[in-house]
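Have a look at the structure below before the remarks.
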Amino acid sequence: MAAYRYVALIETLIALSLSESGLFFTIEPAPVEITRTGGTASFACAVSGITAPEIEWYKGSNRFIPDRGRVTETVVEGPTTHHILTIHGVRHSTDVGEYSCKAENMMGTIQSRKAKLTAPYFLKDRDYFTINPELTYQTKPGKGVIIPCQFDNSASWPEAEIFWRKLIEDERFDNIWETESRFISKLNGTMVIAQAKAEDSGTYRCGFRNTVLGTISESSVKTRLTVDSDGTGSMGEYEADIYVPRQTISVVRRQMAKLECIPYGYPPPTIEWSKEDGELPTRAQVSANTALLTIPNFDVNDVGRYTCTAYQRNEKVRQRVIQLNILEPPEFIQPNQELTVMEDEDLTIPCDCSGSPEPKITWYKNTVQQDNDNQDSLTLTTVSASDNAMYQCVCENDAGNAQATFAVQVKGPAKIITEARHKTVGRGTSVTLTCEAQGSPTPSIVWLKDGQRLRSDLRIQHYENLYESRISISDVSKEDNGVYECKAINENGDDSIYISIRVYGEPFINVKPKDTVGITGSDIIVTCQATAEPKPEITWYRNERQITADDADKYEVTDEYLKIKNGHAVDGGSFMCQARNSEGTESSKPVQVTVYNVPTISHSLPAQTNVTAGKKGLLLPCAITKDFASYQWYRRGIPLLKVYFDGGTQARIETKKGIGLYFQTVLPEDQGEYSCNVSNPAAEANVSGYLYVDVMPSIPFISPNTEVREYSTFWLHCQYQGEPKPTLSWTHNNTPLIRSNTVYPNGTLKITSATRFDAGVYQCTVSNRQGSRSKDVIVMVRSSARIENIPSLQYPITGERSTLICEVSGFPFPVVEWWKNGIRIQSNSNFNTDGYSRDGSNLIIQNPDSARHDGLYTCKATNDYGSESHVTQVSVYDLPKVTRVSGCDSVTADMECTIVCEARGNPLPTLSWRYKDRNETIVAQTDNDKYYVTSQDVTLPVPYRELSLTFRSITGADSRTYFCHAENPAGKTSTAHQVKVSYQAVIDSPPLPTYEVPIGATLTITCKARGEPVPQIRWKGPRPSLPPNGRSTVDEDGSLVLMNIQNTDEGDYTCFADNNKASNSFTFDVVSRTTTVKVTSKDAPLTVIDNPIETWLIVVIVICVFVVCIVVFVSVKMIRDRSRERRSYKPTQMTKTSSEEANYQYETVTPKPVMFQVPIDTSNSLPMYNLRTLNWADGKHPPNNFQSQFDDVDRQLQGLLKDLDNPKLDNLESDI
């Protein structure tokens, strides 16, 4: 069968098939500037690609063909062919413009970036000066004057040099030059006369000069300057000012930056340059007159705000700020990429360019502009062979342009797109067969005739181009009759078409019979077709005997074949066909027909097999039983060789005939569909299954650590592989991405409008069922300096160290400066003379003082991309201090009295009066019946606040310690003040009216008094003196104690309270209380206390003791009753076990109830048993010896009360 006839041919073709490599520029034209007339310009272009590309040159959008005269093209052969375009004697009029090269091969077409050719020129055909005609300026001596020279810069290249001329005489102008008092701007040509003098009066006009060509052009407009002079030559004083031609300047990276500040005024000012971060670039150069600052090789670190300061008499009088920005040409992380995609899949091509300002993006396919301009990606949906092309993403901004090239290869099987058209030709003529195919990789095309490859010779010629193959046959003969096969092959499949050629003349058997096999029981076809004009007749022979109409039951004969019906082994034999017409006869060679049985497969491979890469010893089974002649394995439709080696002598894949396909080691590339074909000459059997080779995910490439500009768009690439196809995810700082980002199917992560929060570690993780792998990429966002979390107001405390917070962010990390009231604070980690130091970005005030440290503090953060400042107002607070508390030191009750509190602090503290025993504010902070409060603030000589508390009528209860409490944001303090109120003595605990006490008892008579001053207690009895002989005493609290009372002690006793003192300026009444003591002989307590509190205390104690006794008695009775109800147990049987332990069995014995009653004799406080009233529950009399038995029981009960668990309790009944 054809399936196995071409095995060697197909494998050879696939091995020779090459996947076309991408088409990329290795060298692109670069800009050329001609600095002299008639110079030479050269542009180089080199392209990589397996198929040598064709190179064309373009100027602008038009094809540019070297004329081999002034313009030549040189081709330098080598590993990469270089094309060099050279223009001799460059002319501005014809040669200046943008040049590019275009390359094309079978992969597509690409165009290089555009390189600008610039040559010196000077245009004189029109007036480029735009100054108003006949301008007039008038000034005074010493004052500055600014005279502009406005012109069109496009008039000259290189940029023109401006000059000024002054009218001398007779319309003759002479050049004037820069002096100490005259400047000519290098940026716009403006003339600045810094200090006008009388001799500066006159007529001026400006012009410009091309320094390369040496040509000049002058303005036709005249400018008149008049300097008013008083004739003395003296100059007035004018405050310095600064003329700045450009306040914002953008410079392309690596070019020279020019900043200009021209001072004017009198006395002559000087200029000093500075940068806000404090340091000028080391490359910066200042001109001799200090007006021009140049920075060669400008870089991103040079971006910032530059300040020029004018000094007059060594004093700073004026400042101007110039913002210097950078223009960054577009750049790509990966400028060239080869992308592969299968047919009908989607593909997204990213365009990850950066630049400042943000570049404009344009897409091209084979140099044809696409519709989605300015998009950062190009998406191809359901790709097909037509999408095989070269794609370019072109990024452009004011600083330049760059491009990325993508070679997109759509993988697809070979497919022939030519229709099969049969040819009929005469002998001796020519015929051409054409076959066109497509596919990716580009398919190889071969021609076959009768199953054999068609070779070229003198008559048969082959012609091929990219996708088409043709064969041309001259001097056609009957041997050329037949069927021709065009076969297209690539690694993804093959396709064929068949074209027949018929030649006029004697019969020619173009489809000759072949050895044929058949299957038992089926029809067998033997083909034989002949071509000729006139049409031939076909006759068949079997074993040299003609098959005639009599054999119709077994054979069917047509012009194309012989059919053997229901073939069996006996129907085989030798068959031959013969073609005959009027021109002649041709017979085929005899062929053999054989009939076979169908081969069978007994054990086949499963539909799906899953293994891991690296597995040892895998067998894909395909076991057969009989009737087979061929045993062939296929992978993805391609026949496998019998043995594949591992690079040495060890067989890695081996076909074991009749058993299966054996893998010594499984590799990832072994994945695919496998089929086993078992055949004999008559039939075949096939089984197939898919081998999945799982491969641990890997990340062969991830974007390097990168820095990006804030608000720009950037891409992170993560190329991954694995089987099954891994899933991909991105995390940012170990957390899932929370922003709306785009992840492309190829693993690329796109971050738009990057902010500082996008900086950090990005992790790409790919996972499949074999595991996962991760790789990190660090992204640093170059962001402008920012200030966060800084308070607008801050109040340090006098003398307490304070920190002014200034949290900054930005990359590079900003430089932080602190300013106070517009003056920069020079500080570091050590405290300076003003008490400032730095802790990172924070400012520390060591010992705050309002006189030195109050003011507006500015924190300014600056980095290469901008600056930000924030102002904090600092007011130093003083702790509150109570300076005076007075009033009511010694006052008599019922008077109006005022206590006053004065306190200082910044801000003035809030004052309140508080009690000593409760740290709470007095309720009466406003007027009421008891108090009224007044407050006032005093500003001179020292600010303080006063709070007065006035008692409308002070009482003795108001005597206590008061606190003046002062509080402000800085803190709080309190000062105590004692208020003393003198008032009449008062007896709080007077004695009882009458006491009856027995002879010999002790009596205590209470007399407690209070007052201010503290009153003295005196006692007077019925006799001139109190009882003698130590029988009477007065306690410290004023109580009178009478001991061993006698009849003579009976009578009235008077307590006197007196708080008058000699030092008092007032007199209080003496107060007294009288009581009567009666002596009696009746029994009574030996001690009498008239203190109610002590009496009640004794009563409460007695009651508590009584209650406790009752509770104890009731508890004991309940416990005893429960104990008597306990069951009694006695052992009834004892047995022994093998462990020699005794086991007891018990029976319950219920005790008989015995009840008796014990009345209580209430005549005595203690309960007593009355034996006469003791009754038995059954009504019988007690026995004669009951008394003695009862006494025993009584003793036993007394013991049981001590030990309730005593077993005698169980024998109580028997004892009774």
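Ordering of the structure tokens sets the chain letters (A, B, ...), residue numbers begin anew at 1 in every chain, and ligands are numbered from 1 in the order given.
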Neighbour list for Pro357 of chain A as number ranges by chain, cut-off 8 Å, only C-alpha atoms, skip fewer than 5 positions in-chain: A: 327-328, 397-398
Mind writing the picked residues with all heavy atoms as a PDB file, in the first residue's frame?
ATOM      1  N   LEU A 327      13.770  64.861  27.373  1.00  0.00           N
ATOM      2  CA  LEU A 327      13.052  64.139  26.329  1.00  0.00           C
ATOM      3  C   LEU A 327      13.771  62.807  26.124  1.00  0.00           C
ATOM      4  O   LEU A 327      14.954  62.786  25.774  1.00  0.00           O
ATOM      5  CB  LEU A 327      13.029  64.938  25.029  1.00  0.00           C
ATOM      6  CG  LEU A 327      12.274  66.268  25.059  1.00  0.00           C
ATOM      7  CD1 LEU A 327      12.409  66.980  23.720  1.00  0.00           C
ATOM      8  CD2 LEU A 327      10.801  66.051  25.370  1.00  0.00           C
ATOM      9  N   GLU A 328      13.065  61.718  26.380  1.00  0.00           N
ATOM     10  CA  GLU A 328      13.665  60.398  26.243  1.00  0.00           C
ATOM     11  C   GLU A 328      13.127  59.724  24.997  1.00  0.00           C
ATOM     12  O   GLU A 328      11.908  59.548  24.858  1.00  0.00           O
ATOM     13  CB  GLU A 328      13.356  59.536  27.465  1.00  0.00           C
ATOM     14  CG  GLU A 328      13.987  60.049  28.738  1.00  0.00           C
ATOM     15  CD  GLU A 328      13.756  59.116  29.912  1.00  0.00           C
ATOM     16  OE1 GLU A 328      12.700  59.233  30.541  1.00  0.00           O
ATOM     17  OE2 GLU A 328      14.623  58.276  30.174  1.00  0.00           O
ATOM     18  N   ASN A 397       8.068  59.913  19.412  1.00  0.00           N
ATOM     19  CA  ASN A 397       7.785  61.115  20.201  1.00  0.00           C
ATOM     20  C   ASN A 397       8.754  62.207  19.769  1.00  0.00           C
ATOM     21  O   ASN A 397       9.504  62.038  18.801  1.00  0.00           O
ATOM     22  CB  ASN A 397       7.841  60.828  21.708  1.00  0.00           C
ATOM     23  CG  ASN A 397       9.221  60.439  22.198  1.00  0.00           C
ATOM     24  OD1 ASN A 397      10.211  60.527  21.469  1.00  0.00           O
ATOM     25  ND2 ASN A 397       9.306  59.991  23.441  1.00  0.00           N
ATOM     26  N   ASP A 398       8.758  63.316  20.489  1.00  0.00           N
ATOM     27  CA  ASP A 398       9.582  64.455  20.085  1.00  0.00           C
ATOM     28  C   ASP A 398      11.073  64.164  20.155  1.00  0.00           C
ATOM     29  O   ASP A 398      11.875  64.886  19.541  1.00  0.00           O
ATOM     30  CB  ASP A 398       9.261  65.666  20.967  1.00  0.00           C
ATOM     31  CG  ASP A 398       7.828  66.149  20.770  1.00  0.00           C
ATOM     32  OD1 ASP A 398       7.243  65.821  19.721  1.00  0.00           O
ATOM     33  OD2 ASP A 398       7.307  66.835  21.665  1.00  0.00           O
TER      34      ASP A 398
END
Neighbour list for Ala407 of chain A as a PDB file with N, CA and C atoms, in the first residue's frame, cut-off 12 Å, only C-alpha atoms, skip fewer than 3 positions in-chain:
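out-v3.pdb, freshly written:
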ATOM      1  N   SER A  19      12.128  25.524   9.034  1.00  0.00           N
ATOM      2  CA  SER A  19      11.210  26.582   9.459  1.00  0.00           C
ATOM      3  C   SER A  19      11.879  27.913   9.196  1.00  0.00           C
ATOM      4  N   GLU A  20      11.182  28.748   8.483  1.00  0.00           N
ATOM      5  CA  GLU A  20      11.758  30.037   8.108  1.00  0.00           C
ATOM      6  C   GLU A  20      12.013  30.882   9.344  1.00  0.00           C
ATOM      7  N   SER A  21      13.203  31.400   9.483  1.00  0.00           N
ATOM      8  CA  SER A  21      13.539  32.264  10.609  1.00  0.00           C
ATOM      9  C   SER A  21      12.973  33.655  10.383  1.00  0.00           C
ATOM     10  N   GLY A  22      12.791  34.398  11.477  1.00  0.00           N
ATOM     11  CA  GLY A  22      12.263  35.745  11.382  1.00  0.00           C
ATOM     12  C   GLY A  22      13.190  36.662  10.608  1.00  0.00           C
ATOM     13  N   LEU A  23      12.614  37.735  10.144  1.00  0.00           N
ATOM     14  CA  LEU A  23      13.342  38.736   9.363  1.00  0.00           C
ATOM     15  C   LEU A  23      13.542  39.952  10.259  1.00  0.00           C
ATOM     16  N   PHE A  24      14.796  40.197  10.692  1.00  0.00           N
ATOM     17  CA  PHE A  24      15.047  41.265  11.651  1.00  0.00           C
ATOM     18  C   PHE A  24      16.248  42.092  11.199  1.00  0.00           C
ATOM     19  N   PHE A  25      16.177  43.395  11.512  1.00  0.00           N
ATOM     20  CA  PHE A  25      17.300  44.273  11.239  1.00  0.00           C
ATOM     21  C   PHE A  25      18.369  44.077  12.307  1.00  0.00           C
ATOM     22  N   SER A  48      18.880  39.941   9.242  1.00  0.00           N
ATOM     23  CA  SER A  48      19.067  38.519   9.481  1.00  0.00           C
ATOM     24  C   SER A  48      17.891  37.754   8.904  1.00  0.00           C
ATOM     25  N   GLY A  49      18.125  36.514   8.481  1.00  0.00           N
ATOM     26  CA  GLY A  49      17.076  35.665   7.928  1.00  0.00           C
ATOM     27  C   GLY A  49      17.709  34.539   7.156  1.00  0.00           C
ATOM     28  N   ASN A 105      11.601  38.961   2.286  1.00  0.00           N
ATOM     29  CA  ASN A 105      11.819  37.583   1.856  1.00  0.00           C
ATOM     30  C   ASN A 105      10.514  36.832   2.043  1.00  0.00           C
ATOM     31  N   MET A 106      10.563  35.500   2.030  1.00  0.00           N
ATOM     32  CA  MET A 106       9.324  34.748   2.080  1.00  0.00           C
ATOM     33  C   MET A 106       8.573  34.921   3.398  1.00  0.00           C
ATOM     34  N   MET A 107       9.236  35.408   4.452  1.00  0.00           N
ATOM     35  CA  MET A 107       8.548  35.643   5.718  1.00  0.00           C
ATOM     36  C   MET A 107       7.713  36.906   5.692  1.00  0.00           C
ATOM     37  N   GLY A 108       8.073  37.865   4.847  1.00  0.00           N
ATOM     38  CA  GLY A 108       7.319  39.110   4.790  1.00  0.00           C
ATOM     39  C   GLY A 108       8.225  40.276   4.482  1.00  0.00           C
ATOM     40  N   THR A 109       7.744  41.455   4.878  1.00  0.00           N
ATOM     41  CA  THR A 109       8.461  42.695   4.576  1.00  0.00           C
ATOM     42  C   THR A 109       8.562  43.544   5.825  1.00  0.00           C
ATOM     43  N   ILE A 110       9.733  44.134   6.053  1.00  0.00           N
ATOM     44  CA  ILE A 110       9.918  45.063   7.174  1.00  0.00           C
ATOM     45  C   ILE A 110      10.634  46.297   6.663  1.00  0.00           C
ATOM     46  N   PRO A 335      13.125  44.251  21.454  1.00  0.00           N
ATOM     47  CA  PRO A 335      12.752  44.858  20.171  1.00  0.00           C
ATOM     48  C   PRO A 335      12.374  43.846  19.096  1.00  0.00           C
ATOM     49  N   ASN A 336      12.913  42.628  19.149  1.00  0.00           N
ATOM     50  CA  ASN A 336      12.646  41.636  18.109  1.00  0.00           C
ATOM     51  C   ASN A 336      12.179  40.334  18.758  1.00  0.00           C
ATOM     52  N   GLN A 337      11.112  39.764  18.213  1.00  0.00           N
ATOM     53  CA  GLN A 337      10.592  38.515  18.762  1.00  0.00           C
ATOM     54  C   GLN A 337      10.046  37.661  17.623  1.00  0.00           C
ATOM     55  N   GLU A 338      10.200  36.337  17.773  1.00  0.00           N
ATOM     56  CA  GLU A 338       9.576  35.382  16.885  1.00  0.00           C
ATOM     57  C   GLU A 338       8.392  34.769  17.613  1.00  0.00           C
ATOM     58  N   LEU A 339       7.225  34.826  17.019  1.00  0.00           N
ATOM     59  CA  LEU A 339       6.004  34.338  17.642  1.00  0.00           C
ATOM     60  C   LEU A 339       5.418  33.228  16.774  1.00  0.00           C
ATOM     61  N   THR A 340       5.040  32.155  17.417  1.00  0.00           N
ATOM     62  CA  THR A 340       4.450  31.015  16.723  1.00  0.00           C
ATOM     63  C   THR A 340       3.054  30.770  17.261  1.00  0.00           C
ATOM     64  N   VAL A 341       2.109  30.505  16.353  1.00  0.00           N
ATOM     65  CA  VAL A 341       0.732  30.275  16.769  1.00  0.00           C
ATOM     66  C   VAL A 341       0.131  29.235  15.830  1.00  0.00           C
ATOM     67  N   ILE A 349      -0.065  40.611  20.193  1.00  0.00           N
ATOM     68  CA  ILE A 349       1.317  41.068  20.081  1.00  0.00           C
ATOM     69  C   ILE A 349       1.456  42.349  20.903  1.00  0.00           C
ATOM     70  N   TYR A 364       2.289  48.102  11.778  1.00  0.00           N
ATOM     71  CA  TYR A 364       2.447  47.786  10.364  1.00  0.00           C
ATOM     72  C   TYR A 364       2.496  46.263  10.198  1.00  0.00           C
ATOM     73  N   LYS A 365       1.891  45.817   9.088  1.00  0.00           N
ATOM     74  CA  LYS A 365       1.997  44.411   8.685  1.00  0.00           C
ATOM     75  C   LYS A 365       2.612  44.402   7.296  1.00  0.00           C
ATOM     76  N   ASN A 366       3.810  43.812   7.215  1.00  0.00           N
ATOM     77  CA  ASN A 366       4.550  43.828   5.941  1.00  0.00           C
ATOM     78  C   ASN A 366       4.615  45.242   5.378  1.00  0.00           C
ATOM     79  N   ASP A 387      -2.051  35.250   7.885  1.00  0.00           N
ATOM     80  CA  ASP A 387      -1.474  36.076   8.956  1.00  0.00           C
ATOM     81  C   ASP A 387       0.016  35.851   9.099  1.00  0.00           C
ATOM     82  N   ASN A 388       0.588  34.894   8.344  1.00  0.00           N
ATOM     83  CA  ASN A 388       2.046  34.751   8.319  1.00  0.00           C
ATOM     84  C   ASN A 388       2.628  36.033   7.748  1.00  0.00           C
ATOM     85  N   ALA A 389       3.355  36.782   8.574  1.00  0.00           N
ATOM     86  CA  ALA A 389       3.854  38.069   8.097  1.00  0.00           C
ATOM     87  C   ALA A 389       4.840  38.626   9.105  1.00  0.00           C
ATOM     88  N   MET A 390       5.436  39.759   8.750  1.00  0.00           N
ATOM     89  CA  MET A 390       6.290  40.520   9.648  1.00  0.00           C
ATOM     90  C   MET A 390       5.498  41.723  10.131  1.00  0.00           C
ATOM     91  N   TYR A 391       5.419  41.863  11.438  1.00  0.00           N
ATOM     92  CA  TYR A 391       4.670  42.953  12.061  1.00  0.00           C
ATOM     93  C   TYR A 391       5.660  43.890  12.753  1.00  0.00           C
ATOM     94  N   GLN A 392       5.364  45.167  12.676  1.00  0.00           N
ATOM     95  CA  GLN A 392       6.228  46.168  13.303  1.00  0.00           C
ATOM     96  C   GLN A 392       5.389  47.143  14.110  1.00  0.00           C
ATOM     97  N   CYS A 393       5.867  47.404  15.309  1.00  0.00           N
ATOM     98  CA  CYS A 393       5.275  48.416  16.183  1.00  0.00           C
ATOM     99  C   CYS A 393       6.241  49.598  16.207  1.00  0.00           C
ATOM    100  N   ALA A 404       9.780  47.860  17.148  1.00  0.00           N
ATOM    101  CA  ALA A 404       9.956  46.451  17.491  1.00  0.00           C
ATOM    102  C   ALA A 404       9.386  45.630  16.346  1.00  0.00           C
ATOM    103  N   VAL A 410       2.412  31.163  11.469  1.00  0.00           N
ATOM    104  CA  VAL A 410       1.208  30.390  11.753  1.00  0.00           C
ATOM    105  C   VAL A 410       1.488  28.943  11.367  1.00  0.00           C
TER     106      VAL A 410
END
Show which residues sit within 7 Å of segment 776-786 of chain A, as number ranges by chain. Count only C-alpha atoms, and ignore same-chain residues fewer than 3 positions away. A: 703-710, 755-756, 759-764, 808-812, 814, 861-863, 865-868
Here is a test: counting only C-alpha atoms, which residue of A:Arg305, A:Lys615, A:Lys514, A:Lys535 is nearest to Asp559 of chain A?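 Smallest separation from Asp559 of chain A among the options: A:Lys535.
Proximity to Thr973 of chain A was assessed for A:Thr803, A:Asn492, A:Ser912, A:Ser959 counting only C-alpha atoms; the smallest distance is recorded for A:Ser912.
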Any idea what the distance is between atom CA of Ser948 of chain A and atom CA of Thr934 of chain A?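 Separation between atom CA of Ser948 of chain A and atom CA of Thr934 of chain A: 5.1 Å.
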All residues 7 Å or closer to Gly1051 of chain A, only C-alpha atoms, same chain fewer than 3 positions away omitted, as JSON, numbers by chain: {"A": [1022, 1076, 1077, 1078]}
Would you pick out the contacts of Lys512 of chain A at 7 Å or less, using only C-alpha atoms, so that residues sharing its chain but fewer than 4 positions from it are not included, and give the list as a PyMOL selection string? chain A and resi 527-529+588
Skipping near chain neighbours, those fewer than 3 positions away, what residues fall within 7 Å of Arg904 of chain A using only C-alpha atoms, listed as a PyMOL selection string? chain A and resi 880-882+908-909+943-945
Can you write just those residues out, N, CA, C and O atoms, as a PDB file, in the first residue's frame?
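What landed in result19.pdb:
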ATOM      1  N   PRO A 880       1.145  74.968  81.797  1.00  0.00           N
ATOM      2  CA  PRO A 880       0.473  75.911  82.700  1.00  0.00           C
ATOM      3  C   PRO A 880       1.169  75.972  84.059  1.00  0.00           C
ATOM      4  O   PRO A 880       1.711  74.981  84.543  1.00  0.00           O
ATOM      5  N   LYS A 881       1.114  77.175  84.655  1.00  0.00           N
ATOM      6  CA  LYS A 881       1.739  77.373  85.959  1.00  0.00           C
ATOM      7  C   LYS A 881       0.848  78.289  86.798  1.00  0.00           C
ATOM      8  O   LYS A 881       0.474  79.378  86.364  1.00  0.00           O
ATOM      9  N   VAL A 882       0.494  77.790  87.968  1.00  0.00           N
ATOM     10  CA  VAL A 882      -0.318  78.585  88.888  1.00  0.00           C
ATOM     11  C   VAL A 882       0.619  79.510  89.647  1.00  0.00           C
ATOM     12  O   VAL A 882       1.511  79.050  90.384  1.00  0.00           O
ATOM     13  N   LEU A 908      -3.184  80.448  77.225  1.00  0.00           N
ATOM     14  CA  LEU A 908      -3.627  80.614  78.598  1.00  0.00           C
ATOM     15  C   LEU A 908      -4.458  79.406  79.011  1.00  0.00           C
ATOM     16  O   LEU A 908      -5.315  78.937  78.255  1.00  0.00           O
ATOM     17  N   PRO A 909      -4.199  78.869  80.199  1.00  0.00           N
ATOM     18  CA  PRO A 909      -4.873  77.629  80.595  1.00  0.00           C
ATOM     19  C   PRO A 909      -6.332  77.869  80.973  1.00  0.00           C
ATOM     20  O   PRO A 909      -6.751  78.979  81.309  1.00  0.00           O
ATOM     21  N   PRO A 943       0.970  88.059  80.256  1.00  0.00           N
ATOM     22  CA  PRO A 943      -0.390  87.521  80.148  1.00  0.00           C
ATOM     23  C   PRO A 943      -0.652  86.439  81.205  1.00  0.00           C
ATOM     24  O   PRO A 943       0.182  85.558  81.434  1.00  0.00           O
ATOM     25  N   TYR A 944      -1.812  86.537  81.853  1.00  0.00           N
ATOM     26  CA  TYR A 944      -2.217  85.479  82.776  1.00  0.00           C
ATOM     27  C   TYR A 944      -3.737  85.482  82.828  1.00  0.00           C
ATOM     28  O   TYR A 944      -4.408  86.403  82.378  1.00  0.00           O
ATOM     29  N   ARG A 945      -4.272  84.424  83.436  1.00  0.00           N
ATOM     30  CA  ARG A 945      -5.720  84.277  83.576  1.00  0.00           C
ATOM     31  C   ARG A 945      -6.050  84.146  85.048  1.00  0.00           C
ATOM     32  O   ARG A 945      -5.324  83.502  85.806  1.00  0.00           O
TER      33      ARG A 945
END
Env of segment 619-628 of chain A: 10 Å cut, atoms = only C-alpha atoms, seq-sep filter 3 positions within chain, self excluded. Answer as a ChimeraX atom specification. /A:596-606,609,616,631,633,653-664,674-689,691
Backbone DSSP call of strand (DSSP E) for segment 335-369 of chain A, listed as a ChimeraX atom specification: /A:336-342,347-350,353-356,360-365,368-369
